[in-house]
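Student: The structure follows.
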Amino acid sequence: MNIKFVFIYILVISAIVLQSCSRKDEVAPAGGGEMSTLSVQFDNIVGAKKLQLNTGTYVNASGETFKISLLQYYISNIQLKDAAGKTFVVPQDSSYFLIKEGNGPSQFAKVRVPTGDYYTLSFVLGVDSLRNTMDISKRTGVLDPATGMDNGMYWSWNSGYIFFKMEGTADAVPADPSGQHKFRYHIGGFGGYSAPTINNVKTITIDLRNGGIPKVRVGREANVHLMVDVLKVFDGSTRVSLAKNSSVMFSDFSTLVANNYINMFFHDHTEN
Amino acid sequence: MYRKHLIVLLCVNIILFACSRKNDTAPLFAGFQPPANFPAPVYDLAKNPVTREGFELGRKLFYEPRMSRNNTISCGDCHLQTSAFTHHGHDVSHGIDDRLGSRNAPPIMNLAWHPAFMLDGGIFDLDLQPIAPIMNPVEMDETMENVLQKLRGIPTYPELFRKAFGTPEITTARLTKAMSQFMVMVVSSNSKYDRVMRGEGMQFTAAESAGYKVFQQQCNSCHKEPLFSDFSYRNNGIGAGPNNDLGRYDITLNAGDKYKFKVPSLRNLGFTAPYMHDGRFYALAGVLDHYTHEVQDMPTLDPLLKNGLPLSATDKEYLLAFLQTLNDTTFINDRRFSEQP
């Protein structure tokens with residue numbers, strides 16, 4: 001019981017601190033307070049190849065040939081930093097996106113931001129801890145357990161969202177009872193509610209200066225084009241073999257995969 | 001004479017009118033009433049106040065087989081009121097297509113006092129609980145989206161949601177909140193034990209009294225009064241079952257939580273056999289024998305059970321007498337909790 005209270009206490013305190021931080025950093029929109037749309041594109045690739053569901057064949061760092069049948073992940077809590085180092089935090093209720101391979105429009109996260117030039121983009125890969133513990137009435141849109149679950153992005157038995165889901169086949173994977181050589185990576189874990197556990201909520205920060213900064217102006221829609229290389233899932237601080245790890249779900253091993261996939265994102269270019 | 005009759009008639013009319021007025025008014029809905037001998041509830045009733053309409057909708061949903069893929073299984077199928085909302089006689093339950101689950105169905109009872117749900121505590125909000133059995137492939141094997149679609153297609157439901165929530169819209173949040181309103185109302189607090197404790201003119205027998213003393217010495221540290229659970233997770237040394245269910249560990253991934261399960265309430269235990277997370281004991285005698293001389297030492301065994309519980313044959317006899325005072329027949333017969341015609 002004590003641990004529980006301490007944990008909730010920490011959660012509440014950090015919520016207050018985080019909120020006050022974000023308030024402090026929020027800038028009044030520059031240039032007369034005008035807002036416009038910024039689009040962030042998540043373009044899934046596998047190494048040097050475009051990702052093609054079911055048909056594309058790829059090879060990971062362990063030399064295993066594989067195909068991908070499903071790829072989807074949550075992007076949330078988008079923030080932008082301008083030239084002066086001031087941060088704009090997209091209002092949280094408009095800052096949850098489910099990126100789905102095979103669904104074109106879902107791959108553009110569109111947010112309303114003050115007009116201006118932005119140097120840095122950051123976002124959470126997954127769903128932040130607070131939203132994971134919020135009242136069910138606050139879970140709407142892509143976070144509605146009805147929608148989320150039909151997309152299979154919610155663990156009902158261990159209340160919490162699945163942040164990243166990738167499934168496919170590889171010959172190296174031992175056959176399951178149905179004879180398929182399937183791999184399933186379902187990564188989640190927001191840190192636990194009444195007892196601390198794994199936390200795979202990852203914040204990704206990207207410097208936009210080399211690929212071209214987005215110039216957000218009224219009447220235009222700048223598009224930050226990110227490449228998302230899923231090969232990184234299998235290589236990074238840990239080399240992950242599909243043969244040895246065909247099923248990665250709620251487990252300690254998932255934190256190693258999450259530490260790999262934070263390196264999936266790179267800024268290719270910006271269309272202003 | 002004529003005038004006198006008229007006055008009498010008028011009086012009778014007034015009385016009849018008053019009577020009929022009284023009868024027209026539906027009996028008052030008391031809402032959620034915490035029993036006098038219970039602590040404050042954990043469930044946040046302020047964020048989901050219980051109304052008659054919400055409660056009745058929740059009850060209808062609880063007995064609604066459309067919650068399942070092929071419209072065959074309702075919540076009430078594995079949570080039978082006659083067994084204090086457990087699945088009497090089943091070690092584990094059979095859900096859709098008679099698929100078997102891996103754990104014993106826990107009672108729906110006094111849930112407003114539970115800080116977390118399921119035998120491993122994996123669900124931390126009652127409003128999120130109904131989603132789990134609906135989604136589980138061996139229970140209802142359905143999606144929330146399909147459930148909402150099915151209910152929207154039945155003319156009575158939009159009207160019931162309008163009555164409960166103001167507009168006919170059927171959403172995930174409204175569905176689970178209505179179900180929470182029903183489930184928090186399912187309170188068992190009228191056992192002989194409760195009546196003795198509240199001083200409602202009942203006394204324990206000598207054997208029950210002696211059993212109560214044994215209980216307070218040997219059992220109360222985990223099965224804490226008055227809810228008869230402290231809602232902690234413990235390994236009581238029954239040993240891993242055939243499926244090596246790791247219990248709480250699956251939620252926390254903390255090695256110290258292996259084989260731990262939520263301490264179940266002892267209330268209504270006369271109606272809720274079999275016992276333990278996998279229903280391995282079909283009689284209470286088996287449970288008591290376990291605690292006296294079958295506790296298995298394991299790394300996560302609860303320290304309180306290291307040497308088992310020192311219960312003599314007489315202690316056991318008295319204890320069983322006391323435990324039977326926790327059965328609440330009012331609860332299992334309460335028409336408010338039953339499927340309505």
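Following the order of the structure tokens, chains are lettered A, B, ..., residues in each are numbered from 1, and ligands are numbered from 1.
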As a ChimeraX atom specification, please: the residues near range 131-133 of chain A (cut-off 12 Å, only C-alpha atoms, same-chain neighbours under 2 positions excluded).

Tutor: /A:8,11-12,15,76-77,92-93,95-96,126-129,135-140,143-145,154-156,158-163,188-194,199,201 /B:123-125,127-128

Student: Counting only C-alpha atoms, a student should be able to say which residues of chain B come within 10 Å of chain A; what is the right answer, written as a VMD selection string?

Tutor: chain B and resid 47 115 to 118 120 to 136 142 to 148 171 to 174 176 to 177 230 to 232 249 to 254

Student: With C-alpha atoms retained, could you export that selection as a PDB file, in the first residue's frame?

Tutor:
```
ATOM      1  CA  LYS B  47     -16.533  11.289 -11.470  1.00  0.00           C
ATOM      2  CA  PRO B 115      -7.853  -0.471  -5.587  1.00  0.00           C
ATOM      3  CA  ALA B 116      -7.210  -2.741  -8.595  1.00  0.00           C
ATOM      4  CA  PHE B 117      -8.941  -5.564 -10.458  1.00  0.00           C
ATOM      5  CA  MET B 118      -8.200  -9.072 -11.671  1.00  0.00           C
ATOM      6  CA  ASP B 120      -3.020  -9.953 -10.694  1.00  0.00           C
ATOM      7  CA  GLY B 121      -4.252  -6.349 -10.291  1.00  0.00           C
ATOM      8  CA  GLY B 122      -3.498  -5.590 -13.950  1.00  0.00           C
ATOM      9  CA  ILE B 123      -6.456  -3.206 -14.276  1.00  0.00           C
ATOM     10  CA  PHE B 124      -6.342  -0.111 -12.100  1.00  0.00           C
ATOM     11  CA  ASP B 125      -9.702   1.480 -12.842  1.00  0.00           C
ATOM     12  CA  LEU B 126     -13.101  -0.218 -12.643  1.00  0.00           C
ATOM     13  CA  ASP B 127     -14.140   1.809 -15.705  1.00  0.00           C
ATOM     14  CA  LEU B 128     -11.489  -0.048 -17.752  1.00  0.00           C
ATOM     15  CA  GLN B 129     -12.384  -3.494 -16.424  1.00  0.00           C
ATOM     16  CA  PRO B 130     -15.249  -4.592 -18.751  1.00  0.00           C
ATOM     17  CA  ILE B 131     -12.972  -4.199 -21.788  1.00  0.00           C
ATOM     18  CA  ALA B 132     -10.801  -7.124 -20.681  1.00  0.00           C
ATOM     19  CA  PRO B 133     -13.361  -9.984 -20.750  1.00  0.00           C
ATOM     20  CA  ILE B 134     -14.963  -8.547 -23.898  1.00  0.00           C
ATOM     21  CA  MET B 135     -11.588  -8.658 -25.700  1.00  0.00           C
ATOM     22  CA  ASN B 136     -10.314 -11.917 -24.231  1.00  0.00           C
ATOM     23  CA  GLU B 142     -15.368  -9.461 -29.292  1.00  0.00           C
ATOM     24  CA  THR B 143     -14.116  -5.954 -30.090  1.00  0.00           C
ATOM     25  CA  MET B 144     -15.398  -2.847 -28.317  1.00  0.00           C
ATOM     26  CA  GLU B 145     -16.265  -1.302 -31.691  1.00  0.00           C
ATOM     27  CA  ASN B 146     -18.523  -4.249 -32.570  1.00  0.00           C
ATOM     28  CA  VAL B 147     -20.232  -4.147 -29.171  1.00  0.00           C
ATOM     29  CA  LEU B 148     -20.969  -0.433 -29.600  1.00  0.00           C
ATOM     30  CA  THR B 171     -19.562   5.398 -26.487  1.00  0.00           C
ATOM     31  CA  THR B 172     -16.920   3.247 -24.833  1.00  0.00           C
ATOM     32  CA  ALA B 173     -16.756   5.566 -21.824  1.00  0.00           C
ATOM     33  CA  ARG B 174     -20.531   5.619 -21.316  1.00  0.00           C
ATOM     34  CA  THR B 176     -18.112   1.134 -19.051  1.00  0.00           C
ATOM     35  CA  LYS B 177     -19.272   3.897 -16.706  1.00  0.00           C
ATOM     36  CA  ASP B 230      -6.070  -6.057   2.429  1.00  0.00           C
ATOM     37  CA  PHE B 231      -5.959  -6.138  -1.407  1.00  0.00           C
ATOM     38  CA  SER B 232      -2.246  -6.889  -1.406  1.00  0.00           C
ATOM     39  CA  TYR B 249       4.735 -10.794 -11.999  1.00  0.00           C
ATOM     40  CA  ASP B 250       3.060 -10.604 -15.423  1.00  0.00           C
ATOM     41  CA  ILE B 251       2.008  -7.046 -14.542  1.00  0.00           C
ATOM     42  CA  THR B 252       5.074  -5.671 -12.752  1.00  0.00           C
ATOM     43  CA  LEU B 253       7.874  -7.847 -14.241  1.00  0.00           C
ATOM     44  CA  ASN B 254       9.358  -7.722 -10.752  1.00  0.00           C
TER      45      ASN B 254
END
```

Student: Select, from A:Val233, A:Val248, A:Leu38, A:Ala175, the residue with the minimum atom-to-atom distance to Asn260 in chain A, counting only C-alpha atoms.

Tutor: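 That would be A:Val233, the residue with the smallest distance to Asn260 in chain A.
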
Student: Which residues, written as a ChimeraX atom specification, have at least one atom at most 8 Å from Tyr282 in chain B, with only C-alpha atoms counted and residues fewer than 3 positions away on the same chain left out?

Tutor: /B:89,273-275,279,286

Student: Write the selection just made, keeping N, CA and C atoms, as a compact mmCIF listing (two decimals), in the first residue's frame?

Tutor:
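The resulting selection.txt:
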```txt
# COMPACT_ATOMS: atom_id res chain seq x y z
N GLY B 89 -18.62 -24.13 -9.01
CA GLY B 89 -18.33 -25.47 -9.49
C GLY B 89 -17.29 -25.50 -10.60
N ALA B 273 -17.10 -21.60 -3.81
CA ALA B 273 -16.18 -22.69 -4.13
C ALA B 273 -16.13 -22.87 -5.64
N PRO B 274 -15.05 -23.33 -6.22
CA PRO B 274 -13.80 -23.72 -5.57
C PRO B 274 -12.90 -22.51 -5.27
N TYR B 275 -11.80 -22.79 -4.58
CA TYR B 275 -10.96 -21.72 -4.04
C TYR B 275 -9.57 -21.68 -4.68
N GLY B 279 -8.71 -22.35 -8.67
CA GLY B 279 -9.81 -23.19 -8.20
C GLY B 279 -9.40 -24.60 -7.81
N GLY B 286 -9.89 -28.33 2.47
CA GLY B 286 -8.65 -28.38 1.71
C GLY B 286 -7.82 -27.11 1.89
```

Student: Using backbone DSSP assignments, extract all strand (DSSP E) residues from range 89-222 of chain A; output them as number ranges by chain.

Tutor: A: 89, 96-100, 108-114, 116-125, 154-155, 160-170, 182-188, 202-207, 215-216, 222

Student: The selected residues should be written to file as a compact mmCIF listing (two decimals), in the first residue's frame (atoms: N, CA and C atoms).

Tutor:
```txt
# COMPACT_ATOMS: atom_id res chain seq x y z
N VAL A 89 4.44 24.00 -27.25
CA VAL A 89 3.90 22.66 -26.97
C VAL A 89 2.52 22.59 -27.60
N TYR A 96 -2.19 13.47 -30.37
CA TYR A 96 -2.06 12.01 -30.40
C TYR A 96 -2.34 11.50 -31.81
N PHE A 97 -1.42 10.72 -32.35
CA PHE A 97 -1.55 10.22 -33.72
C PHE A 97 -1.19 8.75 -33.76
N LEU A 98 -1.97 7.99 -34.51
CA LEU A 98 -1.63 6.59 -34.73
C LEU A 98 -1.17 6.44 -36.17
N ILE A 99 0.13 6.22 -36.34
CA ILE A 99 0.72 6.10 -37.68
C ILE A 99 0.58 4.64 -38.12
N LYS A 100 -0.08 4.43 -39.27
CA LYS A 100 -0.31 3.06 -39.72
C LYS A 100 0.24 2.88 -41.13
N PHE A 108 0.61 11.36 -41.75
CA PHE A 108 0.89 12.79 -41.61
C PHE A 108 0.28 13.28 -40.30
N ALA A 109 1.14 13.62 -39.34
CA ALA A 109 0.65 14.19 -38.09
C ALA A 109 0.56 15.69 -38.28
N LYS A 110 -0.67 16.21 -38.30
CA LYS A 110 -0.86 17.64 -38.58
C LYS A 110 -1.25 18.37 -37.31
N VAL A 111 -0.46 19.41 -37.02
CA VAL A 111 -0.71 20.16 -35.79
C VAL A 111 -0.80 21.65 -36.10
N ARG A 112 -1.49 22.38 -35.25
CA ARG A 112 -1.61 23.84 -35.39
C ARG A 112 -0.55 24.48 -34.51
N VAL A 113 0.29 25.27 -35.14
CA VAL A 113 1.37 25.92 -34.38
C VAL A 113 1.44 27.40 -34.78
N PRO A 114 2.05 28.23 -33.95
CA PRO A 114 2.21 29.64 -34.32
C PRO A 114 3.10 29.75 -35.57
N GLY A 116 6.10 30.82 -37.85
CA GLY A 116 7.49 31.03 -37.44
C GLY A 116 8.39 29.96 -38.04
N ASP A 117 9.68 30.04 -37.75
CA ASP A 117 10.66 29.07 -38.23
C ASP A 117 11.08 28.18 -37.07
N TYR A 118 11.12 26.91 -37.31
CA TYR A 118 11.41 25.98 -36.21
C TYR A 118 12.68 25.17 -36.47
N TYR A 119 13.50 25.08 -35.44
CA TYR A 119 14.80 24.41 -35.57
C TYR A 119 14.78 22.98 -35.04
N THR A 120 13.93 22.76 -34.06
CA THR A 120 13.94 21.45 -33.42
C THR A 120 12.52 20.91 -33.27
N LEU A 121 12.39 19.62 -33.53
CA LEU A 121 11.10 18.93 -33.38
C LEU A 121 11.29 17.85 -32.33
N SER A 122 10.34 17.73 -31.42
CA SER A 122 10.41 16.56 -30.54
C SER A 122 9.01 15.99 -30.36
N PHE A 123 8.96 14.69 -30.12
CA PHE A 123 7.67 14.01 -29.93
C PHE A 123 7.93 12.75 -29.11
N VAL A 124 6.83 12.21 -28.61
CA VAL A 124 6.91 10.96 -27.86
C VAL A 124 6.53 9.82 -28.80
N LEU A 125 7.34 8.78 -28.82
CA LEU A 125 6.95 7.56 -29.52
C LEU A 125 6.21 6.73 -28.48
N TYR A 154 -4.06 -1.68 -27.53
CA TYR A 154 -4.37 -1.50 -26.10
C TYR A 154 -4.35 -2.87 -25.43
N TRP A 155 -3.67 -2.92 -24.27
CA TRP A 155 -3.67 -4.15 -23.49
C TRP A 155 -4.78 -4.04 -22.44
N GLY A 160 -3.15 -0.41 -20.44
CA GLY A 160 -2.11 0.44 -21.01
C GLY A 160 -2.06 0.27 -22.53
N TYR A 161 -1.53 1.30 -23.17
CA TYR A 161 -1.46 1.27 -24.63
C TYR A 161 -0.23 0.53 -25.12
N ILE A 162 -0.37 -0.07 -26.29
CA ILE A 162 0.78 -0.62 -27.00
C ILE A 162 1.31 0.55 -27.84
N PHE A 163 2.58 0.85 -27.70
CA PHE A 163 3.13 2.03 -28.37
C PHE A 163 3.53 1.73 -29.81
N PHE A 164 4.08 0.55 -30.00
CA PHE A 164 4.69 0.20 -31.28
C PHE A 164 4.36 -1.26 -31.57
N LYS A 165 3.84 -1.50 -32.77
CA LYS A 165 3.45 -2.87 -33.09
C LYS A 165 3.94 -3.21 -34.49
N MET A 166 4.69 -4.27 -34.57
CA MET A 166 5.18 -4.72 -35.88
C MET A 166 5.06 -6.24 -35.93
N GLU A 167 4.47 -6.74 -37.00
CA GLU A 167 4.35 -8.19 -37.16
C GLU A 167 4.76 -8.55 -38.58
N GLY A 168 5.21 -9.77 -38.73
CA GLY A 168 5.61 -10.23 -40.05
C GLY A 168 6.05 -11.67 -39.99
N THR A 169 6.77 -12.08 -41.02
CA THR A 169 7.22 -13.47 -41.08
C THR A 169 8.71 -13.51 -41.42
N ALA A 170 9.35 -14.55 -40.94
CA ALA A 170 10.76 -14.77 -41.26
C ALA A 170 11.02 -16.28 -41.19
N LYS A 182 5.83 -16.71 -37.83
CA LYS A 182 5.49 -15.30 -37.54
C LYS A 182 6.33 -14.69 -36.44
N PHE A 183 6.63 -13.43 -36.59
CA PHE A 183 7.18 -12.69 -35.45
C PHE A 183 6.20 -11.59 -35.07
N ARG A 184 6.17 -11.29 -33.78
CA ARG A 184 5.22 -10.29 -33.25
C ARG A 184 5.95 -9.43 -32.23
N TYR A 185 6.06 -8.14 -32.54
CA TYR A 185 6.67 -7.19 -31.61
C TYR A 185 5.59 -6.20 -31.17
N HIS A 186 5.16 -6.32 -29.92
CA HIS A 186 4.17 -5.40 -29.36
C HIS A 186 4.85 -4.71 -28.18
N ILE A 187 5.26 -3.46 -28.37
CA ILE A 187 6.03 -2.79 -27.33
C ILE A 187 5.17 -1.72 -26.64
N GLY A 188 5.12 -1.78 -25.32
CA GLY A 188 4.40 -0.79 -24.53
C GLY A 188 5.03 -0.73 -23.15
N LYS A 202 9.22 6.92 -25.00
CA LYS A 202 10.48 7.49 -25.51
C LYS A 202 10.22 8.85 -26.15
N THR A 203 11.03 9.81 -25.77
CA THR A 203 10.96 11.12 -26.41
C THR A 203 12.07 11.21 -27.45
N ILE A 204 11.68 11.59 -28.66
CA ILE A 204 12.63 11.69 -29.77
C ILE A 204 12.81 13.17 -30.09
N THR A 205 14.04 13.62 -30.19
CA THR A 205 14.29 15.02 -30.54
C THR A 205 15.10 15.06 -31.83
N ILE A 206 14.67 15.86 -32.77
CA ILE A 206 15.31 15.91 -34.08
C ILE A 206 15.69 17.35 -34.43
N ASP A 207 16.94 17.53 -34.78
CA ASP A 207 17.43 18.82 -35.25
C ASP A 207 17.03 18.95 -36.72
N LYS A 215 9.19 26.50 -42.34
CA LYS A 215 8.78 27.91 -42.20
C LYS A 215 7.26 27.92 -42.20
N VAL A 216 6.69 28.05 -41.03
CA VAL A 216 5.24 27.97 -40.90
C VAL A 216 4.63 29.34 -41.17
N ALA A 222 3.66 23.64 -44.25
CA ALA A 222 5.00 23.06 -44.32
C ALA A 222 4.92 21.59 -43.93
```

Student: As number ranges by chain, please: the residues near range 153-167 of chain B (cut-off 9 Å, only C-alpha atoms, same-chain neighbours under 2 positions excluded).

Tutor: B: 51-57, 148-151, 169-170, 174-175, 178

Student: Could you go through range 119-232 of chain B and tell me which residues DSSP, when run on the backbone, assigns to helix (DSSP H, G or I), listing them as a VMD selection string?

Tutor: chain B and resid 126 to 128 131 to 135 144 to 152 156 to 165 172 to 185 192 to 197 206 to 218
